[in-house]
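Okay, upload_24.cif now, which holds mmCIF, C-alpha atoms:
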```cif
data_start
loop_
_atom_site.group_PDB
_atom_site.id
_atom_site.type_symbol
_atom_site.label_atom_id
_atom_site.label_comp_id
_atom_site.auth_asym_id
_atom_site.auth_seq_id
_atom_site.Cartn_x
_atom_site.Cartn_y
_atom_site.Cartn_z
ATOM 1 C CA MET A 1 -5.580 -10.474 4.899
ATOM 2 C CA LYS A 2 -6.236 -7.457 2.652
ATOM 3 C CA ILE A 3 -4.389 -4.435 3.984
ATOM 4 C CA ALA A 4 -4.388 -0.986 2.362
ATOM 5 C CA ILE A 5 -1.738 1.514 3.413
ATOM 6 C CA ALA A 6 -2.443 5.227 3.087
ATOM 7 C CA GLY A 7 -0.574 8.352 4.059
ATOM 8 C CA LYS A 8 0.655 11.711 2.902
ATOM 9 C CA GLY A 9 3.542 11.814 0.466
ATOM 10 C CA GLY A 10 6.783 11.539 2.404
ATOM 11 C CA SER A 11 5.151 9.832 5.379
ATOM 12 C CA GLY A 12 7.084 6.647 4.713
ATOM 13 C CA LYS A 13 4.017 4.665 3.697
ATOM 14 C CA THR A 14 5.799 2.870 0.872
ATOM 15 C CA THR A 15 8.752 1.860 3.063
ATOM 16 C CA ILE A 16 6.352 0.508 5.660
ATOM 17 C CA ALA A 17 4.214 -1.256 3.021
ATOM 18 C CA GLY A 18 7.180 -3.031 1.421
ATOM 19 C CA THR A 19 8.895 -3.917 4.672
ATOM 20 C CA LEU A 20 5.627 -5.186 6.126
ATOM 21 C CA ALA A 21 5.060 -7.423 3.076
ATOM 22 C CA ARG A 22 8.555 -8.918 3.381
ATOM 23 C CA LEU A 23 8.354 -9.447 7.130
ATOM 24 C CA LEU A 24 4.957 -11.154 6.798
ATOM 25 C CA VAL A 25 6.636 -13.703 4.512
ATOM 26 C CA ARG A 26 9.622 -14.101 6.859
ATOM 27 C CA GLN A 27 7.193 -14.746 9.695
ATOM 28 C CA GLY A 28 5.471 -17.499 7.714
ATOM 29 C CA THR A 29 2.625 -15.951 5.702
ATOM 30 C CA PRO A 30 2.897 -17.463 2.193
ATOM 31 C CA ASP A 31 2.027 -16.008 -1.244
ATOM 32 C CA VAL A 32 1.996 -12.339 -0.241
ATOM 33 C CA LEU A 33 0.935 -10.025 -3.046
ATOM 34 C CA ALA A 34 2.082 -6.398 -2.974
ATOM 35 C CA ILE A 35 0.086 -4.057 -5.204
ATOM 36 C CA ASP A 36 1.465 -0.618 -5.970
ATOM 37 C CA ALA A 37 -1.483 1.593 -6.912
ATOM 38 C CA ASP A 38 0.601 4.757 -6.794
ATOM 39 C CA SER A 39 1.158 6.462 -10.152
ATOM 40 C CA ASN A 40 4.682 7.262 -8.984
ATOM 41 C CA PRO A 41 5.660 3.720 -8.100
ATOM 42 C CA ASN A 42 8.425 3.201 -5.551
ATOM 43 C CA LEU A 43 7.368 0.024 -3.858
ATOM 44 C CA ALA A 44 9.657 -2.029 -6.112
ATOM 45 C CA LEU A 45 12.799 -0.560 -4.527
ATOM 46 C CA THR A 46 11.624 -1.352 -0.987
ATOM 47 C CA LEU A 47 10.949 -4.867 -2.257
ATOM 48 C CA GLY A 48 14.586 -5.338 -3.205
ATOM 49 C CA LEU A 49 14.461 -4.677 -6.937
ATOM 50 C CA SER A 50 17.219 -2.593 -8.486
ATOM 51 C CA ARG A 51 16.396 0.735 -10.107
ATOM 52 C CA GLU A 52 16.924 -0.867 -13.499
ATOM 53 C CA GLU A 53 14.681 -3.826 -12.714
ATOM 54 C CA ALA A 54 12.054 -1.451 -11.349
ATOM 55 C CA ALA A 55 12.168 0.717 -14.482
ATOM 56 C CA ASN A 56 11.769 -2.346 -16.681
ATOM 57 C CA ILE A 57 8.620 -3.683 -15.054
ATOM 58 C CA ARG A 58 6.040 -4.040 -17.772
ATOM 59 C CA PRO A 59 3.067 -1.800 -17.042
ATOM 60 C CA LEU A 60 -0.430 -3.161 -17.308
ATOM 61 C CA THR A 61 -1.881 -2.953 -20.787
ATOM 62 C CA ARG A 62 -5.438 -2.111 -21.646
ATOM 63 C CA ASP A 63 -6.293 -5.662 -22.604
ATOM 64 C CA ILE A 64 -6.652 -6.463 -18.902
ATOM 65 C CA LEU A 65 -9.821 -4.397 -18.815
ATOM 66 C CA LYS A 66 -13.045 -4.570 -20.716
ATOM 67 C CA ARG A 67 -16.037 -2.285 -20.775
ATOM 68 C CA VAL A 68 -19.369 -3.666 -19.763
ATOM 69 C CA THR A 69 -22.768 -1.987 -19.833
ATOM 70 C CA ASP A 70 -25.166 -2.566 -16.974
ATOM 71 C CA GLU A 71 -28.960 -2.772 -17.239
ATOM 72 C CA GLU A 72 -29.238 1.000 -16.729
ATOM 73 C CA GLY A 73 -26.957 1.643 -19.679
ATOM 74 C CA ASN A 74 -23.903 2.754 -17.692
ATOM 75 C CA THR A 75 -20.583 1.462 -18.914
ATOM 76 C CA LYS A 76 -17.816 0.585 -16.541
ATOM 77 C CA ALA A 77 -14.457 -1.107 -16.708
ATOM 78 C CA VAL A 78 -14.012 -4.578 -15.264
ATOM 79 C CA LEU A 79 -11.137 -7.053 -15.300
ATOM 80 C CA ALA A 80 -11.005 -9.015 -18.529
ATOM 81 C CA LYS A 81 -8.948 -11.742 -16.805
ATOM 82 C CA THR A 82 -9.073 -13.397 -13.419
ATOM 83 C CA PRO A 83 -6.958 -11.740 -10.711
ATOM 84 C CA GLN A 84 -4.802 -14.878 -10.702
ATOM 85 C CA GLU A 85 -4.181 -14.558 -14.451
ATOM 86 C CA VAL A 86 -3.212 -10.903 -13.983
ATOM 87 C CA ALA A 87 -0.875 -11.887 -11.137
ATOM 88 C CA ASP A 88 0.692 -14.638 -13.264
ATOM 89 C CA GLU A 89 1.113 -12.376 -16.269
ATOM 90 C CA TYR A 90 2.205 -9.115 -14.640
ATOM 91 C CA GLY A 91 3.429 -10.160 -11.208
ATOM 92 C CA VAL A 92 7.127 -9.597 -10.617
ATOM 93 C CA PRO A 93 9.022 -11.833 -8.204
ATOM 94 C CA ALA A 94 10.548 -9.615 -5.520
ATOM 95 C CA ALA A 95 12.636 -10.146 -2.388
ATOM 96 C CA ASP A 96 11.548 -12.726 0.207
ATOM 97 C CA GLY A 97 9.096 -14.285 -2.264
ATOM 98 C CA VAL A 98 6.713 -11.324 -2.404
ATOM 99 C CA THR A 99 4.942 -10.869 -5.754
ATOM 100 C CA LEU A 100 4.705 -7.247 -6.904
ATOM 101 C CA ILE A 101 2.075 -5.885 -9.284
ATOM 102 C CA LEU A 102 2.104 -2.296 -10.527
ATOM 103 C CA MET A 103 -1.403 -0.953 -10.963
ATOM 104 C CA GLY A 104 -0.849 2.776 -10.770
ATOM 105 C CA ARG A 105 -0.493 3.341 -14.474
ATOM 106 C CA VAL A 106 -1.292 1.730 -17.743
ATOM 107 C CA GLU A 107 0.702 1.526 -20.939
ATOM 108 C CA HIS A 108 -0.359 4.118 -23.487
ATOM 109 C CA ALA A 109 0.981 2.407 -26.589
ATOM 110 C CA GLY A 110 -1.951 1.325 -28.669
ATOM 111 C CA ALA A 111 -4.411 2.897 -26.289
ATOM 112 C CA GLY A 112 -7.549 4.130 -27.990
ATOM 113 C CA MET B 1 -5.556 11.660 -14.537
ATOM 114 C CA CYS B 2 -6.487 10.121 -17.889
ATOM 115 C CA GLY B 3 -9.391 7.780 -18.398
ATOM 116 C CA ALA B 4 -7.219 4.698 -18.749
ATOM 117 C CA HIS B 5 -5.524 5.365 -15.424
ATOM 118 C CA ALA B 6 -8.865 5.882 -13.723
ATOM 119 C CA ALA B 7 -10.138 2.658 -15.260
ATOM 120 C CA VAL B 8 -7.117 0.681 -14.071
ATOM 121 C CA ARG B 9 -7.463 2.113 -10.576
ATOM 122 C CA SER B 10 -11.047 0.973 -10.550
ATOM 123 C CA LEU B 11 -9.735 -2.548 -11.137
ATOM 124 C CA VAL B 12 -7.594 -2.507 -8.001
ATOM 125 C CA ALA B 13 -10.565 -3.535 -5.888
ATOM 126 C CA GLU B 14 -11.272 -6.484 -8.178
ATOM 127 C CA MET B 15 -7.605 -7.475 -8.010
ATOM 128 C CA VAL B 16 -7.546 -7.259 -4.216
ATOM 129 C CA GLY B 17 -10.905 -8.871 -3.518
ATOM 130 C CA GLY B 18 -10.848 -11.439 -6.296
ATOM 131 C CA ASN B 19 -8.010 -13.611 -5.078
ATOM 132 C CA ASP B 20 -7.233 -15.501 -1.884
ATOM 133 C CA ARG B 21 -3.689 -14.247 -1.415
ATOM 134 C CA PRO B 22 -2.689 -12.038 1.503
ATOM 135 C CA THR B 23 -2.381 -8.608 -0.070
ATOM 136 C CA ILE B 24 -0.650 -5.362 0.820
ATOM 137 C CA LEU B 25 -1.954 -2.415 -1.189
ATOM 138 C CA ASP B 26 0.099 0.782 -1.402
ATOM 139 C CA ILE B 27 -2.428 3.425 -2.396
ATOM 140 C CA GLU B 28 -1.542 6.758 -3.871
ATOM 141 C CA ALA B 29 -0.696 9.575 -1.494
ATOM 142 C CA GLY B 30 -3.548 11.992 -1.039
ATOM 143 C CA LEU B 31 -7.018 11.784 0.308
ATOM 144 C CA GLU B 32 -8.736 11.908 -3.055
ATOM 145 C CA HIS B 33 -7.285 8.532 -4.018
ATOM 146 C CA LEU B 34 -8.924 6.765 -1.149
ATOM 147 C CA SER B 35 -12.132 5.952 -2.935
ATOM 148 C CA ARG B 36 -14.832 3.376 -3.093
ATOM 149 C CA GLY B 37 -12.888 1.849 -5.951
ATOM 150 C CA THR B 38 -9.762 1.135 -3.959
ATOM 151 C CA ALA B 39 -11.493 0.446 -0.647
ATOM 152 C CA ARG B 40 -13.720 -2.403 -1.789
ATOM 153 C CA GLY B 41 -12.104 -5.717 -1.028
ATOM 154 C CA VAL B 42 -9.882 -4.227 1.668
ATOM 155 C CA ASP B 43 -10.447 -5.397 5.256
ATOM 156 C CA THR B 44 -7.830 -3.282 7.022
ATOM 157 C CA LEU B 45 -6.654 0.286 6.468
ATOM 158 C CA LEU B 46 -3.389 1.465 7.980
ATOM 159 C CA VAL B 47 -2.983 5.224 7.950
ATOM 160 C CA ILE B 48 0.622 6.271 8.303
ATOM 161 C CA VAL B 49 0.963 9.318 10.508
ATOM 162 C CA GLU B 50 3.967 11.442 11.380
ATOM 163 C CA PRO B 51 4.292 13.410 14.599
ATOM 164 C CA TYR B 52 3.282 16.819 13.339
ATOM 165 C CA PHE B 53 -0.105 18.453 13.320
ATOM 166 C CA LYS B 54 -0.824 18.570 9.578
ATOM 167 C CA SER B 55 0.048 14.898 9.194
ATOM 168 C CA MET B 56 -2.174 13.997 12.138
ATOM 169 C CA GLU B 57 -5.065 16.054 10.727
ATOM 170 C CA THR B 58 -4.718 14.383 7.328
ATOM 171 C CA ALA B 59 -4.475 10.938 8.896
ATOM 172 C CA ALA B 60 -7.612 11.542 10.944
ATOM 173 C CA ARG B 61 -9.514 12.534 7.784
ATOM 174 C CA MET B 62 -8.216 9.480 5.910
ATOM 175 C CA ALA B 63 -9.244 7.225 8.786
ATOM 176 C CA GLU B 64 -12.705 8.776 8.850
ATOM 177 C CA LEU B 65 -13.047 8.322 5.104
ATOM 178 C CA GLY B 66 -11.899 4.712 5.394
ATOM 179 C CA ARG B 67 -14.620 4.044 7.951
ATOM 180 C CA GLU B 68 -17.216 5.774 5.774
ATOM 181 C CA LEU B 69 -16.180 3.535 2.889
ATOM 182 C CA GLY B 70 -16.912 0.531 5.071
ATOM 183 C CA ILE B 71 -13.391 -0.718 5.789
ATOM 184 C CA GLY B 72 -13.809 -2.870 8.887
ATOM 185 C CA LYS B 73 -10.536 -2.205 10.676
ATOM 186 C CA VAL B 74 -8.903 1.212 10.547
ATOM 187 C CA PHE B 75 -5.699 1.901 12.471
ATOM 188 C CA ALA B 76 -3.031 4.558 12.665
ATOM 189 C CA VAL B 77 0.618 3.579 12.388
ATOM 190 C CA ALA B 78 2.935 6.287 13.684
ATOM 191 C CA ASN B 79 6.161 6.715 11.734
ATOM 192 C CA LYS B 80 9.380 8.699 12.266
ATOM 193 C CA VAL B 81 8.687 9.030 15.972
ATOM 194 C CA ALA B 82 11.782 10.655 17.457
ATOM 195 C CA SER B 83 10.971 11.349 21.090
ATOM 196 C CA ALA B 84 8.695 10.639 24.016
ATOM 197 C CA ASP B 85 7.040 13.999 23.305
ATOM 198 C CA ASP B 86 6.284 12.899 19.733
ATOM 199 C CA GLU B 87 4.655 9.749 21.031
ATOM 200 C CA LYS B 88 2.691 11.615 23.682
ATOM 201 C CA GLU B 89 1.356 14.102 21.123
ATOM 202 C CA LEU B 90 0.357 11.319 18.714
ATOM 203 C CA ARG B 91 -1.381 9.335 21.439
ATOM 204 C CA ALA B 92 -3.262 12.394 22.653
ATOM 205 C CA PHE B 93 -4.390 13.337 19.152
ATOM 206 C CA CYS B 94 -5.433 9.819 18.131
ATOM 207 C CA GLY B 95 -7.200 9.470 21.492
ATOM 208 C CA THR B 96 -9.418 12.456 20.774
ATOM 209 C CA LYS B 97 -10.230 11.051 17.314
ATOM 210 C CA GLY B 98 -10.978 7.546 18.584
ATOM 211 C CA LEU B 99 -8.233 6.215 16.357
ATOM 212 C CA GLU B 100 -6.323 3.190 17.603
ATOM 213 C CA ILE B 101 -2.552 3.236 17.087
ATOM 214 C CA LEU B 102 -1.496 -0.250 15.991
ATOM 215 C CA GLY B 103 2.211 0.444 15.714
ATOM 216 C CA ILE B 104 4.798 3.066 16.554
ATOM 217 C CA VAL B 105 7.793 3.078 14.213
ATOM 218 C CA PRO B 106 10.721 5.169 15.387
ATOM 219 C CA GLN B 107 12.869 7.570 13.429
ATOM 220 C CA ASP B 108 15.660 5.322 12.220
ATOM 221 C CA GLU B 109 18.965 6.236 10.565
ATOM 222 C CA LEU B 110 18.969 2.857 8.798
ATOM 223 C CA VAL B 111 15.700 3.665 7.021
ATOM 224 C CA ARG B 112 17.031 7.067 5.982
ATOM 225 C CA SER B 113 20.153 5.409 4.652
ATOM 226 C CA ALA B 114 18.112 2.842 2.685
ATOM 227 C CA GLU B 115 15.958 5.619 1.213
ATOM 228 C CA ARG B 116 19.074 7.576 0.199
ATOM 229 C CA GLN B 117 20.412 4.497 -1.593
ATOM 230 C CA GLY B 118 17.087 3.570 -3.196
ATOM 231 C CA VAL B 119 16.958 0.135 -1.564
ATOM 232 C CA GLY B 120 14.775 -1.494 1.066
ATOM 233 C CA PRO B 121 15.744 -1.380 4.738
ATOM 234 C CA LEU B 122 15.732 -5.199 4.678
ATOM 235 C CA ASP B 123 18.312 -5.162 1.882
ATOM 236 C CA ILE B 124 20.910 -3.615 4.167
ATOM 237 C CA ALA B 125 19.974 -5.005 7.599
ATOM 238 C CA THR B 126 17.907 -7.725 9.214
ATOM 239 C CA THR B 127 17.194 -5.764 12.330
ATOM 240 C CA SER B 128 16.930 -2.112 13.364
ATOM 241 C CA PRO B 129 14.585 -0.149 15.618
ATOM 242 C CA ALA B 130 12.166 0.544 12.728
ATOM 243 C CA ILE B 131 12.408 -2.950 11.204
ATOM 244 C CA ASP B 132 11.706 -4.528 14.586
ATOM 245 C CA ARG B 133 8.605 -2.395 15.112
ATOM 246 C CA ILE B 134 7.318 -3.186 11.610
ATOM 247 C CA GLY B 135 7.880 -6.854 12.482
ATOM 248 C CA GLU B 136 5.666 -6.405 15.547
ATOM 249 C CA LEU B 137 3.091 -4.752 13.305
ATOM 250 C CA ALA B 138 3.213 -7.774 10.969
ATOM 251 C CA ARG B 139 2.565 -10.097 13.927
ATOM 252 C CA ALA B 140 -0.325 -7.917 15.105
ATOM 253 C CA LEU B 141 -1.881 -8.163 11.629
ATOM 254 C CA THR B 142 -1.423 -11.929 11.262
ATOM 255 C CA PRO B 143 -4.590 -13.846 12.105
#
```
Write-out of the structure in structure tokens:
Amino acid sequence: MKIAIAGKGGSGKTTIAGTLARLLVRQGTPDVLAIDADSNPNLALTLGLSREEAANIRPLTRDILKRVTDEEGNTKAVLAKTPQEVADEYGVPAADGVTLILMGRVEHAGAG
Amino acid sequence: MCGAHAAVRSLVAEMVGGNDRPTILDIEAGLEHLSRGTARGVDTLLVIVEPYFKSMETAARMAELGRELGIGKVFAVANKVASADDEKELRAFCGTKGLEILGIVPQDELVRSAERQGVGPLDIATTSPAIDRIGELARALTP
């Protein structure tokens, strides 16, 4: 089950995304991961975190990505860790046992 | 958008597709963010649509883009539906676009209240018209 939720700003997509994640768990789907790919992240609040807790979530740092060069000489970014390692390291426990990961922004400190 | 942000976004697909866990992905508002990068690894796209023309037009374009990107299942989910007329208009529009409506979530004072307080609807209630419909949506999406 890999569900993306899209919509205009203000459409309520984040409220539906977070509530859907929590209700899936309540209905018996285990280990639900909620990924917030929005650069203005609000999913945390719908997932029961306080404003303070949400503000203190550690953003991803650049060491999760590495640049690789393909045979045609193009460089692209790929994950430097397994998705499970990223989830373990950056995942935040949220309400109903949902794990939240913020992927909409990356920490600038030390970025080069 | 800076390069680092773009690079991290490009990793979303790897994150989604590279693990076995059921995943809900909240993608950034706006059509331009629905890209090959975020769509890979996703099997279902839910496009949230409100009962007014501009929202319906945008949703139809997002749905079309989702299909072009190869997402297998693309559905509309109507939100903030306040009347039978709203529902009728949404059904008529989605009908002409060949877009299946998987859920209809009503306008709900509880959701507005939760949004005012900056909490989740489920943090202040276990049931409400909107929560119940999202619960039905969850069941419809569960294999």
Could you expand the PyMOL selection byres ((chain A) within 8 of (chain B)) into the explicit residues it covers here, written as an mmCIF file with C-alpha atoms, in the frame of the given file?
```cif
data_model
loop_
_atom_site.group_PDB
_atom_site.id
_atom_site.type_symbol
_atom_site.label_atom_id
_atom_site.label_comp_id
_atom_site.auth_asym_id
_atom_site.auth_seq_id
_atom_site.Cartn_x
_atom_site.Cartn_y
_atom_site.Cartn_z
ATOM 1 C CA MET A 1 -5.580 -10.474 4.899
ATOM 2 C CA LYS A 2 -6.236 -7.457 2.652
ATOM 3 C CA ILE A 3 -4.389 -4.435 3.984
ATOM 4 C CA ALA A 4 -4.388 -0.986 2.362
ATOM 5 C CA ILE A 5 -1.738 1.514 3.413
ATOM 6 C CA ALA A 6 -2.443 5.227 3.087
ATOM 7 C CA GLY A 7 -0.574 8.352 4.059
ATOM 8 C CA LYS A 8 0.655 11.711 2.902
ATOM 9 C CA GLY A 9 3.542 11.814 0.466
ATOM 10 C CA SER A 11 5.151 9.832 5.379
ATOM 11 C CA GLY A 12 7.084 6.647 4.713
ATOM 12 C CA LYS A 13 4.017 4.665 3.697
ATOM 13 C CA THR A 14 5.799 2.870 0.872
ATOM 14 C CA THR A 15 8.752 1.860 3.063
ATOM 15 C CA ILE A 16 6.352 0.508 5.660
ATOM 16 C CA ALA A 17 4.214 -1.256 3.021
ATOM 17 C CA GLY A 18 7.180 -3.031 1.421
ATOM 18 C CA THR A 19 8.895 -3.917 4.672
ATOM 19 C CA LEU A 20 5.627 -5.186 6.126
ATOM 20 C CA ALA A 21 5.060 -7.423 3.076
ATOM 21 C CA LEU A 23 8.354 -9.447 7.130
ATOM 22 C CA LEU A 24 4.957 -11.154 6.798
ATOM 23 C CA GLN A 27 7.193 -14.746 9.695
ATOM 24 C CA THR A 29 2.625 -15.951 5.702
ATOM 25 C CA PRO A 30 2.897 -17.463 2.193
ATOM 26 C CA ASP A 31 2.027 -16.008 -1.244
ATOM 27 C CA VAL A 32 1.996 -12.339 -0.241
ATOM 28 C CA LEU A 33 0.935 -10.025 -3.046
ATOM 29 C CA ALA A 34 2.082 -6.398 -2.974
ATOM 30 C CA ILE A 35 0.086 -4.057 -5.204
ATOM 31 C CA ASP A 36 1.465 -0.618 -5.970
ATOM 32 C CA ALA A 37 -1.483 1.593 -6.912
ATOM 33 C CA ASP A 38 0.601 4.757 -6.794
ATOM 34 C CA SER A 39 1.158 6.462 -10.152
ATOM 35 C CA LEU A 43 7.368 0.024 -3.858
ATOM 36 C CA LEU A 45 12.799 -0.560 -4.527
ATOM 37 C CA THR A 46 11.624 -1.352 -0.987
ATOM 38 C CA LEU A 47 10.949 -4.867 -2.257
ATOM 39 C CA GLY A 48 14.586 -5.338 -3.205
ATOM 40 C CA LEU A 49 14.461 -4.677 -6.937
ATOM 41 C CA SER A 50 17.219 -2.593 -8.486
ATOM 42 C CA ARG A 51 16.396 0.735 -10.107
ATOM 43 C CA ARG A 62 -5.438 -2.111 -21.646
ATOM 44 C CA LEU A 65 -9.821 -4.397 -18.815
ATOM 45 C CA ALA A 77 -14.457 -1.107 -16.708
ATOM 46 C CA VAL A 78 -14.012 -4.578 -15.264
ATOM 47 C CA LEU A 79 -11.137 -7.053 -15.300
ATOM 48 C CA THR A 82 -9.073 -13.397 -13.419
ATOM 49 C CA PRO A 83 -6.958 -11.740 -10.711
ATOM 50 C CA GLN A 84 -4.802 -14.878 -10.702
ATOM 51 C CA MET A 103 -1.403 -0.953 -10.963
ATOM 52 C CA GLY A 104 -0.849 2.776 -10.770
ATOM 53 C CA ARG A 105 -0.493 3.341 -14.474
ATOM 54 C CA VAL A 106 -1.292 1.730 -17.743
#
```
If we count all atoms listed in the file, what is near Thr61 (chain A) at a cut-off of 7 Å, once residues fewer than 2 positions away on the same chain are taken out, given as a list in words?
Pro59, Asp63, Ile64, Val106 and Glu107 of chain A
For CA of Glu68 (chain B) and CA of Cys94 (chain B), quote the distance in Å rounded to one decimal.
17.5 Å
